[in-house]
$ cat structure_14.cif   # mmCIF, C-alpha atoms and all ligand atoms
data_query
#
loop_
_atom_site.label_atom_id
_atom_site.label_comp_id
_atom_site.auth_asym_id
_atom_site.auth_seq_id
_atom_site.Cartn_x
_atom_site.Cartn_y
_atom_site.Cartn_z
CA MET M 1 -94.00 77.91 93.94
CA TRP M 2 -91.56 77.23 96.75
CA THR M 3 -90.37 79.84 99.23
CA LEU M 4 -86.58 80.17 99.50
CA ASN M 5 -84.27 81.84 102.01
CA ARG M 6 -82.99 85.20 100.81
CA PRO M 7 -79.39 85.22 99.57
CA GLY M 8 -76.91 86.42 102.18
CA HIS M 9 -74.93 88.60 99.74
CA THR M 10 -75.58 92.34 99.60
CA ALA M 11 -76.01 94.17 96.29
CA LEU M 12 -73.12 96.53 97.07
CA ALA M 13 -70.60 93.79 97.90
CA THR M 14 -71.73 91.70 94.91
CA PHE M 15 -71.44 94.64 92.52
CA ARG M 16 -67.99 95.55 93.83
CA THR M 17 -66.85 91.94 93.48
CA CYS M 18 -68.18 91.77 89.92
CA ILE M 19 -66.39 94.94 88.79
CA GLY M 20 -63.13 94.09 90.59
CA ARG M 21 -61.26 93.22 87.39
CA VAL M 22 -62.46 95.94 85.03
CA ARG M 23 -59.34 97.23 83.23
CA ASN M 24 -60.67 100.13 81.18
CA PRO M 25 -60.03 103.14 83.47
CA ASP M 26 -63.02 105.15 82.22
CA LEU M 27 -65.48 102.27 82.57
CA ARG M 28 -64.02 101.32 85.94
CA ALA M 29 -64.38 104.85 87.29
CA ARG M 30 -67.96 105.13 86.04
CA LEU M 31 -68.93 101.71 87.48
CA GLU M 32 -67.35 102.55 90.84
CA GLY M 33 -69.18 105.85 90.74
CA VAL M 34 -72.59 104.19 90.56
CA ALA M 35 -72.00 101.64 93.35
CA GLN M 36 -74.18 103.62 95.73
CA ALA M 37 -76.96 103.88 93.15
CA VAL M 38 -76.83 100.07 92.78
CA ALA M 39 -77.00 99.66 96.58
CA ASP M 40 -79.92 102.12 96.82
CA ALA M 41 -81.82 100.34 94.04
CA SER M 42 -81.58 97.07 95.97
CA VAL M 43 -82.84 98.71 99.18
CA ALA M 44 -85.80 100.18 97.25
CA PHE M 45 -86.44 96.79 95.65
CA ASP M 46 -86.43 95.08 99.06
CA ALA M 47 -88.87 97.59 100.55
CA ALA M 48 -91.25 97.36 97.58
CA ALA M 49 -91.02 93.55 97.38
CA GLN M 50 -91.95 93.24 101.06
CA ARG M 51 -95.14 95.18 100.27
CA HIS M 52 -95.64 93.10 97.07
CA ALA M 53 -95.52 96.41 95.22
CA LEU M 54 -92.67 95.95 92.74
CA HIS M 55 -94.81 97.62 90.07
CA GLU M 56 -93.96 100.91 91.86
CA ILE M 57 -90.23 100.57 91.08
CA ALA M 58 -89.29 103.13 88.44
CA ARG M 59 -87.46 102.00 85.30
CA GLU M 60 -84.30 103.82 84.32
CA ALA M 61 -82.14 103.37 81.24
CA ILE M 62 -79.01 105.00 82.72
CA VAL M 63 -77.82 103.86 86.16
CA GLY M 64 -76.72 106.70 88.42
CA GLY M 65 -76.78 108.99 85.39
CA ASP M 66 -73.52 107.46 84.14
CA VAL M 67 -73.73 103.76 83.21
CA THR M 68 -75.88 102.42 80.38
CA THR M 69 -78.25 99.47 80.46
CA GLU M 70 -75.97 97.60 78.06
CA GLU M 71 -72.95 98.16 80.31
CA MET M 72 -74.85 96.91 83.36
CA GLU M 73 -76.10 93.86 81.44
CA LYS M 74 -72.48 93.07 80.60
CA VAL M 75 -71.53 93.31 84.29
CA TYR M 76 -74.01 90.49 84.83
CA THR M 77 -73.23 88.31 81.79
CA ARG M 78 -69.43 88.73 81.70
CA ARG M 79 -68.53 89.46 85.32
CA MET M 80 -71.06 87.37 87.27
CA ALA M 81 -72.73 84.61 85.19
CA LYS M 82 -69.68 83.56 83.17
CA LYS M 83 -67.60 80.64 84.49
CA GLY M 84 -64.49 81.96 86.26
CA ALA M 85 -65.90 85.50 86.50
CA PRO M 86 -65.26 87.39 89.75
CA GLY M 87 -68.97 87.32 90.71
CA ARG M 88 -69.46 83.66 89.80
CA ASP M 89 -69.27 82.46 93.44
CA VAL M 90 -72.33 84.55 94.29
CA TYR M 91 -74.07 83.27 91.16
CA ASP M 92 -73.31 79.66 92.16
CA ASP M 93 -74.50 80.26 95.74
CA ILE M 94 -77.88 81.49 94.53
CA ILE M 95 -78.16 78.75 91.88
CA GLY M 96 -77.56 76.16 94.61
CA SER M 97 -80.09 77.58 97.07
CA SER M 98 -83.17 75.67 95.91
CA PRO M 99 -84.00 72.26 97.47
CA GLN M 100 -83.08 69.20 95.39
CA GLY M 101 -81.74 71.54 92.72
CA ARG M 102 -85.28 72.10 91.46
CA CYS M 103 -86.73 75.31 90.10
CA PRO M 104 -88.74 77.00 92.88
CA LEU M 105 -91.11 78.57 90.33
CA CYS M 106 -92.50 75.33 88.85
CA ALA M 107 -91.24 73.06 91.67
CA GLN M 108 -90.47 70.43 89.05
CA ARG M 109 -87.72 71.05 86.50
CA PRO M 110 -84.01 71.39 87.36
CA VAL M 111 -82.47 74.78 88.10
CA ALA M 112 -80.38 75.84 85.11
CA THR M 113 -79.99 79.61 85.37
CA LEU M 114 -80.77 82.72 87.39
CA ASP M 115 -83.96 84.59 86.59
CA HIS M 116 -83.98 88.38 86.94
CA HIS M 117 -87.25 88.90 88.77
CA LEU M 118 -87.37 92.43 87.36
CA PRO M 119 -85.68 92.14 83.93
CA LYS M 120 -82.21 93.66 83.67
CA ALA M 121 -83.09 95.16 80.28
CA HIS M 122 -85.54 97.49 82.02
CA TYR M 123 -84.12 97.67 85.54
CA PRO M 124 -80.34 97.73 84.93
CA ALA M 125 -79.52 98.93 88.46
CA LEU M 126 -80.79 95.52 89.65
CA ALA M 127 -78.75 93.47 87.14
CA VAL M 128 -76.54 91.87 89.82
CA ALA M 129 -78.68 92.54 92.93
CA PRO M 130 -78.98 89.15 94.69
CA LEU M 131 -82.56 89.88 95.87
CA ASN M 132 -83.55 90.25 92.20
CA LEU M 133 -81.89 86.96 91.19
CA VAL M 134 -83.87 83.75 91.58
CA PRO M 135 -82.74 80.22 90.69
CA SER M 136 -84.89 79.02 87.81
CA CYS M 137 -85.25 76.34 85.14
CA THR M 138 -84.79 77.36 81.51
CA ASP M 139 -88.50 77.07 80.70
CA CYS M 140 -89.70 79.26 83.59
CA ASN M 141 -86.97 81.79 82.82
CA LYS M 142 -88.10 81.97 79.19
CA ALA M 143 -91.81 82.05 80.02
CA LYS M 144 -91.32 85.12 82.23
CA LEU M 145 -89.49 86.97 79.44
CA ASP M 146 -89.01 90.66 80.04
CA ALA M 147 -92.40 91.20 81.67
CA ILE M 148 -92.82 94.56 83.38
CA PRO M 149 -95.47 94.65 86.14
CA GLN M 150 -98.02 97.43 85.55
CA SER M 151 -100.13 96.85 88.67
CA ALA M 152 -100.00 94.96 91.97
CA ALA M 153 -101.85 92.04 90.35
CA ASP M 154 -99.11 91.87 87.67
CA VAL M 155 -96.26 91.39 90.14
CA ALA M 156 -94.89 87.89 89.65
CA LEU M 157 -94.59 85.62 92.67
CA HIS M 158 -91.15 85.90 94.24
CA PRO M 159 -89.64 82.96 96.19
CA TYR M 160 -87.87 85.28 98.67
CA TYR M 161 -90.98 87.31 99.48
CA ASP M 162 -94.08 85.19 98.87
CA ASP M 163 -95.16 82.13 100.83
CA ILE M 164 -98.31 80.61 99.35
CA ASN M 165 -98.01 77.15 100.85
CA GLY M 166 -99.70 77.79 104.20
CA GLN M 167 -102.93 76.55 102.63
CA GLN M 168 -103.87 74.13 99.90
CA TRP M 169 -104.43 75.86 96.55
CA LEU M 170 -103.45 73.30 93.90
CA VAL M 171 -106.41 71.07 93.07
CA ALA M 172 -106.73 68.32 90.48
CA LYS M 173 -109.72 66.58 88.94
CA VAL M 174 -109.85 63.23 87.18
CA ILE M 175 -110.88 63.35 83.53
CA GLU M 176 -112.58 60.09 82.60
CA THR M 177 -110.70 59.44 79.40
CA CYS M 178 -108.68 56.49 78.17
CA PRO M 179 -106.05 56.58 79.53
CA ALA M 180 -107.28 58.48 82.63
CA ALA M 181 -106.06 62.08 82.76
CA VAL M 182 -105.87 64.75 85.47
CA ARG M 183 -106.62 68.46 85.11
CA PHE M 184 -105.05 70.98 87.49
CA ARG M 185 -106.27 74.38 88.60
CA VAL M 186 -105.80 76.99 91.29
CA VAL M 187 -108.52 77.08 93.96
CA ALA M 188 -107.82 80.16 96.06
CA PRO M 189 -108.13 79.82 99.86
CA ASP M 190 -110.62 82.25 101.46
CA ILE M 191 -107.88 84.16 103.27
CA TRP M 192 -106.18 85.28 100.03
CA ASP M 193 -107.02 88.80 98.88
CA ASN M 194 -107.95 89.50 95.25
CA VAL M 195 -104.43 90.65 94.35
CA LEU M 196 -102.85 87.42 95.59
CA VAL M 197 -105.49 85.36 93.77
CA ALA M 198 -104.64 87.18 90.52
CA ARG M 199 -100.89 86.81 91.09
CA VAL M 200 -101.10 83.05 91.69
CA GLN M 201 -103.42 82.61 88.68
CA ASN M 202 -100.96 84.59 86.53
CA HIS M 203 -98.07 82.49 87.81
CA PHE M 204 -99.94 79.26 87.00
CA ARG M 205 -100.94 80.42 83.52
CA THR M 206 -97.71 82.17 82.47
CA LEU M 207 -95.52 79.21 83.42
CA GLY M 208 -97.92 76.66 81.86
CA LEU M 209 -98.10 74.65 85.08
CA ALA M 210 -101.40 72.90 84.26
CA GLY M 211 -99.80 71.24 81.23
CA LEU M 212 -96.54 70.42 83.02
CA TYR M 213 -98.33 68.80 85.97
CA ALA M 214 -100.82 66.92 83.75
CA SER M 215 -97.88 65.40 81.91
CA GLU M 216 -96.17 64.41 85.18
CA ALA M 217 -99.41 62.88 86.51
CA ALA M 218 -99.83 60.84 83.30
CA GLU M 219 -96.31 59.48 83.74
CA GLU M 220 -97.01 58.72 87.41
CA LEU M 221 -100.01 56.63 86.37
CA VAL M 222 -97.84 54.57 84.04
CA ASN M 223 -95.63 53.78 87.04
CA VAL M 224 -98.35 52.82 89.56
CA ARG M 225 -100.88 51.21 87.23
CA HIS M 226 -99.61 47.66 87.66
CA GLN M 227 -99.91 47.88 91.45
CA LEU M 228 -103.43 49.32 91.23
CA VAL M 229 -104.56 46.58 88.84
CA GLU M 230 -103.31 43.92 91.27
CA MET M 231 -104.94 45.60 94.26
CA HIS M 232 -108.23 45.99 92.44
CA ALA M 233 -108.21 42.30 91.46
CA THR M 234 -107.79 41.18 95.07
CA GLY M 235 -109.46 43.90 97.17
CA GLY M 236 -111.63 45.95 94.80
CA MET M 237 -112.03 49.71 94.74
CA ARG M 238 -111.88 50.12 98.52
CA THR M 239 -108.35 48.71 98.65
CA VAL M 240 -107.31 50.89 95.73
CA ARG M 241 -108.78 53.97 97.40
CA ALA M 242 -107.09 53.22 100.74
CA GLU M 243 -103.72 52.98 98.99
CA LEU M 244 -104.26 56.22 97.08
CA ARG M 245 -105.37 58.04 100.25
CA MET M 246 -102.28 56.86 102.09
CA ARG M 247 -100.04 58.09 99.27
CA ALA M 248 -101.89 61.43 99.15
CA ALA M 249 -101.36 61.92 102.88
CA SER M 250 -97.67 61.13 102.61
CA CYS M 251 -97.21 63.50 99.66
CA ALA M 252 -99.20 66.24 101.43
CA ALA M 253 -96.96 65.99 104.50
CA GLY M 254 -93.98 66.90 102.32
CA ARG M 255 -95.54 69.07 99.62
CA ARG M 256 -98.96 70.48 100.41
CA ASN M 257 -99.28 71.91 96.89
CA GLY M 258 -97.24 69.36 94.99
CA TRP M 259 -98.70 67.91 91.81
CA ARG M 260 -98.40 64.40 93.32
CA THR M 261 -100.44 65.42 96.37
CA ALA M 262 -103.18 66.87 94.16
CA THR M 263 -103.05 63.87 91.82
CA TYR M 264 -103.37 61.19 94.49
CA ARG M 265 -106.19 63.16 96.13
CA ALA M 266 -108.06 63.43 92.83
CA TRP M 267 -107.55 59.75 92.07
CA ALA M 268 -108.71 58.72 95.57
CA ASP M 269 -111.78 60.98 95.33
CA SER M 270 -112.92 59.44 92.03
CA ASP M 271 -115.14 56.31 92.20
CA TRP M 272 -114.59 55.84 88.48
CA PHE M 273 -110.79 55.90 88.88
CA CYS M 274 -110.69 53.65 91.97
CA ASP M 275 -112.98 51.12 90.33
CA GLY M 276 -110.76 50.51 87.33
CA GLY M 277 -110.46 53.91 85.59
CA PHE M 278 -106.69 53.62 86.08
CA ALA M 279 -106.47 50.69 83.66
CA PRO M 280 -105.39 51.42 80.09
CA GLU M 281 -108.73 50.29 78.70
CA GLY M 282 -110.59 52.68 81.03
ZN ZN H 301 -89.32 76.14 86.54
#
$ encode --input "structure_14.cif" --output "structure tokens"
Amino acid sequence: MWTLNRPGHTALATFRTCIGRVRNPDLRARLEGVAQAVADASVAFDAAAQRHALHEIAREAIVGGDVTTEEMEKVYTRRMAKKGAPGRDVYDDIIGSSPQGRCPLCAQRPVATLDHHLPKAHYPALAVAPLNLVPSCTDCNKAKLDAIPQSAADVALHPYYDDINGQQWLVAKVIETCPAAVRFRVVAPDIWDNVLVARVQNHFRTLGLAGLYASEAAEELVNVRHQLVEMHATGGMRTVRAELRMRAASCAAGRRNGWRTATYRAWADSDWFCDGGFAPEG
């Protein structure tokens, strides 16, 4: 998971922008009446998220005692996410905030939507709160579903509040099959507490990252195999290993926990791989 800068838009300004064109006088009055409740919910979210304690946020079906969950969901879908909607500029700003347009949750697939970190179906006051909206690919968005955190260990990693890339945690191992495969897992650094270990493991499992990265690594091998075969023919396993180590170092400088970094490390560490395991015939 990548860490992102927090959006610059406040919940109150975003909500007011979204509801700016509501014509129905009753709905408009009720929405305007809960603006402060929406602002307060975002402040409470921010405070809890900084303590990684979003499981403490209470769920409420009626926002400010006056606006239903369904009405708040429509503020998001019709007045923020829809093309041409008054809140669409904020939506586009957040969508565009992830490097290379990639999903910060899997760090691989393209951003396609905004994920409600706490689902709007259960936390309607946060339906358009920018701090609760994270750029995401379709698969990660679907995999998270409407999960409600029950404990600190259940709280999903949040790109605006969690930074897990100070240490290496993504590790791969070569599987000596034909063709060669790579298996990924989380190896928690000593400085992580038990809650963070559980949260990262949950993130990895829920989003199916082991499978995604194994598939990417298999495709990478198809692309470098020819070069490795040539190097092995002229310089043997030492030349192959030196090349793989150099690539691992370069990848690590950019993405300490990228699947490429872990893959090149695993390949370089394996005598079997460096001595011809990369070839299609094993
Ligand atoms: Zn993703």
$ atom_distance --input "structure_14.cif" --atom1 "CA of Thr177 in chain M" --atom2 "CA of Trp272 in chain M"
10.5 Å
$ closest_residue --input "structure_14.cif" --among "M:Asn202, M:Ser270, M:Ser98, M:Asn194" --to "ligand ZN 301 (chain H)" --atoms "only C-alpha atoms and all ligand atoms"
M:Ser98
$ residues_near_point --input "structure_14.cif" --point "(-67.8, 94.2, 88.5)" --cutoff "9 Å" --atoms "all atoms listed in the file" --output "JSON, numbers by chain"
{"M": [14, 15, 16, 17, 18, 19, 20, 21, 22, 28, 31, 32, 75, 76, 78, 79, 80, 86, 87]}
$ residues_near_ligand --input "structure_14.cif" --ligand "ligand ZN 301 (chain H)" --cutoff "6 Å" --atoms "only C-alpha atoms and all ligand atoms" --output "PyMOL selection string"
chain M and resi 103+105-106+109+136-137+139-140
$ atom_distance --input "structure_14.cif" --atom1 "CA of Leu12 in chain M" --atom2 "CA of Ala35 in chain M"
6.4 Å
$ closest_residue --input "structure_14.cif" --among "M:Ala268, M:Ala252, M:Ala279, M:Pro99" --to "Val229 in chain M" --atoms "all atoms listed in the file"
M:Ala279
$ closest_residue --input "structure_14.cif" --among "M:Trp169, M:Met72, M:Ala121, M:Pro7" --to "Tyr91 in chain M" --atoms "all atoms listed in the file"
M:Pro7
$ closest_residue --input "structure_14.cif" --among "M:Arg183, M:His9, M:His203, M:Arg225" --to "Asp89 in chain M" --atoms "all atoms listed in the file"
M:His9
$ atom_distance --input "structure_14.cif" --atom1 "CA of Asp46 in chain M" --atom2 "CA of Thr206 in chain M"
23.9 Å
$ closest_atom_pairs --input "structure_14.cif" --of "range 76-176 of chain M" --to "range 196-200 of chain M" --cutoff "9 Å" --atoms "only C-alpha atoms" --output "Markdown table"
| residue | atom | partner | partner_atom | distance |
| --- | --- | --- | --- | --- |
| M:Ala152 | CA | M:Arg199 | CA | 8.2 |
| M:Ala153 | CA | M:Arg199 | CA | 5.4 |
| M:Asp154 | CA | M:Arg199 | CA | 6.4 |
| M:Val155 | CA | M:Arg199 | CA | 6.6 |
| M:Ala156 | CA | M:Arg199 | CA | 6.3 |
| M:Leu157 | CA | M:Arg199 | CA | 6.6 |
| M:Ile164 | CA | M:Val200 | CA | 8.5 |
$ write_last_selection --input "structure_14.cif" --atoms "C-alpha atoms" --output "short mmCIF file (atom, residue, chain, number, x, y, z; two decimals), in the coordinates of the input"
data_model
loop_
_atom_site.label_atom_id
_atom_site.label_comp_id
_atom_site.auth_asym_id
_atom_site.auth_seq_id
_atom_site.Cartn_x
_atom_site.Cartn_y
_atom_site.Cartn_z
CA ALA M 152 -100.00 94.96 91.97
CA ALA M 153 -101.85 92.04 90.35
CA ASP M 154 -99.11 91.87 87.67
CA VAL M 155 -96.26 91.39 90.14
CA ALA M 156 -94.89 87.89 89.65
CA LEU M 157 -94.59 85.62 92.67
CA ILE M 164 -98.31 80.61 99.35
#
$ residues_around --input "structure_14.cif" --residues "Gln50 in chain M" --least-positions-apart "5" --cutoff "12 Å" --atoms "only C-alpha atoms" --output "CSV table (one decimal) with C-alpha atoms, in the coordinates of the input"
chain,number,residue,atom,x,y,z
M,43,VAL,CA,-82.8,98.7,99.2
M,44,ALA,CA,-85.8,100.2,97.2
M,45,PHE,CA,-86.4,96.8,95.6
M,131,LEU,CA,-82.6,89.9,95.9
M,155,VAL,CA,-96.3,91.4,90.1
M,157,LEU,CA,-94.6,85.6,92.7
M,158,HIS,CA,-91.2,85.9,94.2
M,159,PRO,CA,-89.6,83.0,96.2
M,160,TYR,CA,-87.9,85.3,98.7
M,161,TYR,CA,-91.0,87.3,99.5
M,162,ASP,CA,-94.1,85.2,98.9
M,163,ASP,CA,-95.2,82.1,100.8
$ residues_around --input "structure_14.cif" --residues "Thr113 in chain M" --least-positions-apart "3" --cutoff "9 Å" --atoms "only C-alpha atoms" --output "ChimeraX atom specification"
/M:81,95,134-138,141
$ residues_around --input "structure_14.cif" --residues "Glu73 in chain M" --least-positions-apart "3" --cutoff "9 Å" --atoms "all atoms listed in the file" --output "count of residues only"
11
$ decode --input "structure_14.cif" --residues "range 199-228 of chain M" --atoms "N, CA and C atoms" --output "PDB file, in the first residue's frame"
ATOM      1  N   ARG M 199      -3.299  -5.960  10.692  1.00  0.00           N
ATOM      2  CA  ARG M 199      -3.909  -5.092   9.673  1.00  0.00           C
ATOM      3  C   ARG M 199      -3.255  -5.294   8.306  1.00  0.00           C
ATOM      4  N   VAL M 200      -1.926  -5.408   8.292  1.00  0.00           N
ATOM      5  CA  VAL M 200      -1.246  -5.609   7.000  1.00  0.00           C
ATOM      6  C   VAL M 200      -1.569  -7.005   6.447  1.00  0.00           C
ATOM      7  N   GLN M 201      -1.609  -8.006   7.319  1.00  0.00           N
ATOM      8  CA  GLN M 201      -1.974  -9.359   6.863  1.00  0.00           C
ATOM      9  C   GLN M 201      -3.393  -9.358   6.285  1.00  0.00           C
ATOM     10  N   ASN M 202      -4.312  -8.678   6.960  1.00  0.00           N
ATOM     11  CA  ASN M 202      -5.694  -8.588   6.463  1.00  0.00           C
ATOM     12  C   ASN M 202      -5.746  -7.910   5.092  1.00  0.00           C
ATOM     13  N   HIS M 203      -5.009  -6.823   4.982  1.00  0.00           N
ATOM     14  CA  HIS M 203      -4.938  -6.068   3.724  1.00  0.00           C
ATOM     15  C   HIS M 203      -4.463  -6.993   2.596  1.00  0.00           C
ATOM     16  N   PHE M 204      -3.389  -7.716   2.857  1.00  0.00           N
ATOM     17  CA  PHE M 204      -2.776  -8.602   1.866  1.00  0.00           C
ATOM     18  C   PHE M 204      -3.737  -9.712   1.456  1.00  0.00           C
ATOM     19  N   ARG M 205      -4.441 -10.273   2.434  1.00  0.00           N
ATOM     20  CA  ARG M 205      -5.355 -11.392   2.171  1.00  0.00           C
ATOM     21  C   ARG M 205      -6.646 -10.903   1.497  1.00  0.00           C
ATOM     22  N   THR M 206      -7.253  -9.871   2.065  1.00  0.00           N
ATOM     23  CA  THR M 206      -8.541  -9.378   1.546  1.00  0.00           C
ATOM     24  C   THR M 206      -8.429  -8.936   0.089  1.00  0.00           C
ATOM     25  N   LEU M 207      -7.339  -8.275  -0.253  1.00  0.00           N
ATOM     26  CA  LEU M 207      -7.190  -7.764  -1.615  1.00  0.00           C
ATOM     27  C   LEU M 207      -6.572  -8.797  -2.556  1.00  0.00           C
ATOM     28  N   GLY M 208      -6.241  -9.979  -2.049  1.00  0.00           N
ATOM     29  CA  GLY M 208      -5.695 -11.040  -2.914  1.00  0.00           C
ATOM     30  C   GLY M 208      -4.365 -10.673  -3.543  1.00  0.00           C
ATOM     31  N   LEU M 209      -3.509  -9.980  -2.774  1.00  0.00           N
ATOM     32  CA  LEU M 209      -2.272  -9.459  -3.366  1.00  0.00           C
ATOM     33  C   LEU M 209      -1.268 -10.549  -3.719  1.00  0.00           C
ATOM     34  N   ALA M 210      -1.267 -11.666  -3.004  1.00  0.00           N
ATOM     35  CA  ALA M 210      -0.313 -12.742  -3.319  1.00  0.00           C
ATOM     36  C   ALA M 210      -0.549 -13.239  -4.744  1.00  0.00           C
ATOM     37  N   GLY M 211      -1.818 -13.430  -5.107  1.00  0.00           N
ATOM     38  CA  GLY M 211      -2.153 -13.911  -6.445  1.00  0.00           C
ATOM     39  C   GLY M 211      -1.848 -12.876  -7.517  1.00  0.00           C
ATOM     40  N   LEU M 212      -2.201 -11.618  -7.228  1.00  0.00           N
ATOM     41  CA  LEU M 212      -1.947 -10.535  -8.186  1.00  0.00           C
ATOM     42  C   LEU M 212      -0.445 -10.419  -8.473  1.00  0.00           C
ATOM     43  N   TYR M 213       0.358 -10.412  -7.411  1.00  0.00           N
ATOM     44  CA  TYR M 213       1.801 -10.222  -7.591  1.00  0.00           C
ATOM     45  C   TYR M 213       2.454 -11.455  -8.229  1.00  0.00           C
ATOM     46  N   ALA M 214       1.959 -12.643  -7.906  1.00  0.00           N
ATOM     47  CA  ALA M 214       2.511 -13.862  -8.522  1.00  0.00           C
ATOM     48  C   ALA M 214       2.283 -13.828 -10.032  1.00  0.00           C
ATOM     49  N   SER M 215       1.115 -13.341 -10.428  1.00  0.00           N
ATOM     50  CA  SER M 215       0.801 -13.244 -11.844  1.00  0.00           C
ATOM     51  C   SER M 215       1.706 -12.219 -12.534  1.00  0.00           C
ATOM     52  N   GLU M 216       1.923 -11.075 -11.876  1.00  0.00           N
ATOM     53  CA  GLU M 216       2.805 -10.051 -12.443  1.00  0.00           C
ATOM     54  C   GLU M 216       4.233 -10.578 -12.560  1.00  0.00           C
ATOM     55  N   ALA M 217       4.693 -11.312 -11.539  1.00  0.00           N
ATOM     56  CA  ALA M 217       6.068 -11.842 -11.552  1.00  0.00           C
ATOM     57  C   ALA M 217       6.232 -12.859 -12.673  1.00  0.00           C
ATOM     58  N   ALA M 218       5.197 -13.674 -12.916  1.00  0.00           N
ATOM     59  CA  ALA M 218       5.251 -14.666 -13.997  1.00  0.00           C
ATOM     60  C   ALA M 218       5.382 -13.960 -15.341  1.00  0.00           C
ATOM     61  N   GLU M 219       4.659 -12.865 -15.502  1.00  0.00           N
ATOM     62  CA  GLU M 219       4.728 -12.096 -16.749  1.00  0.00           C
ATOM     63  C   GLU M 219       6.099 -11.424 -16.886  1.00  0.00           C
ATOM     64  N   GLU M 220       6.640 -10.952 -15.760  1.00  0.00           N
ATOM     65  CA  GLU M 220       7.979 -10.334 -15.793  1.00  0.00           C
ATOM     66  C   GLU M 220       9.011 -11.342 -16.294  1.00  0.00           C
ATOM     67  N   LEU M 221       8.890 -12.583 -15.842  1.00  0.00           N
ATOM     68  CA  LEU M 221       9.846 -13.619 -16.245  1.00  0.00           C
ATOM     69  C   LEU M 221       9.795 -13.843 -17.759  1.00  0.00           C
ATOM     70  N   VAL M 222       8.589 -13.823 -18.305  1.00  0.00           N
ATOM     71  CA  VAL M 222       8.458 -13.995 -19.760  1.00  0.00           C
ATOM     72  C   VAL M 222       9.259 -12.910 -20.488  1.00  0.00           C
ATOM     73  N   ASN M 223       9.275 -11.709 -19.896  1.00  0.00           N
ATOM     74  CA  ASN M 223       9.935 -10.574 -20.543  1.00  0.00           C
ATOM     75  C   ASN M 223      11.451 -10.527 -20.354  1.00  0.00           C
ATOM     76  N   VAL M 224      11.986 -11.144 -19.312  1.00  0.00           N
ATOM     77  CA  VAL M 224      13.448 -11.083 -19.083  1.00  0.00           C
ATOM     78  C   VAL M 224      14.140 -12.411 -19.390  1.00  0.00           C
ATOM     79  N   ARG M 225      13.362 -13.442 -19.656  1.00  0.00           N
ATOM     80  CA  ARG M 225      13.942 -14.780 -19.813  1.00  0.00           C
ATOM     81  C   ARG M 225      15.028 -14.825 -20.893  1.00  0.00           C
ATOM     82  N   HIS M 226      14.744 -14.231 -22.026  1.00  0.00           N
ATOM     83  CA  HIS M 226      15.699 -14.285 -23.141  1.00  0.00           C
ATOM     84  C   HIS M 226      17.055 -13.726 -22.726  1.00  0.00           C
ATOM     85  N   GLN M 227      17.029 -12.600 -22.035  1.00  0.00           N
ATOM     86  CA  GLN M 227      18.281 -11.974 -21.584  1.00  0.00           C
ATOM     87  C   GLN M 227      19.014 -12.891 -20.602  1.00  0.00           C
ATOM     88  N   LEU M 228      18.271 -13.510 -19.701  1.00  0.00           N
ATOM     89  CA  LEU M 228      18.905 -14.377 -18.695  1.00  0.00           C
ATOM     90  C   LEU M 228      19.519 -15.619 -19.349  1.00  0.00           C
TER      91      LEU M 228
END
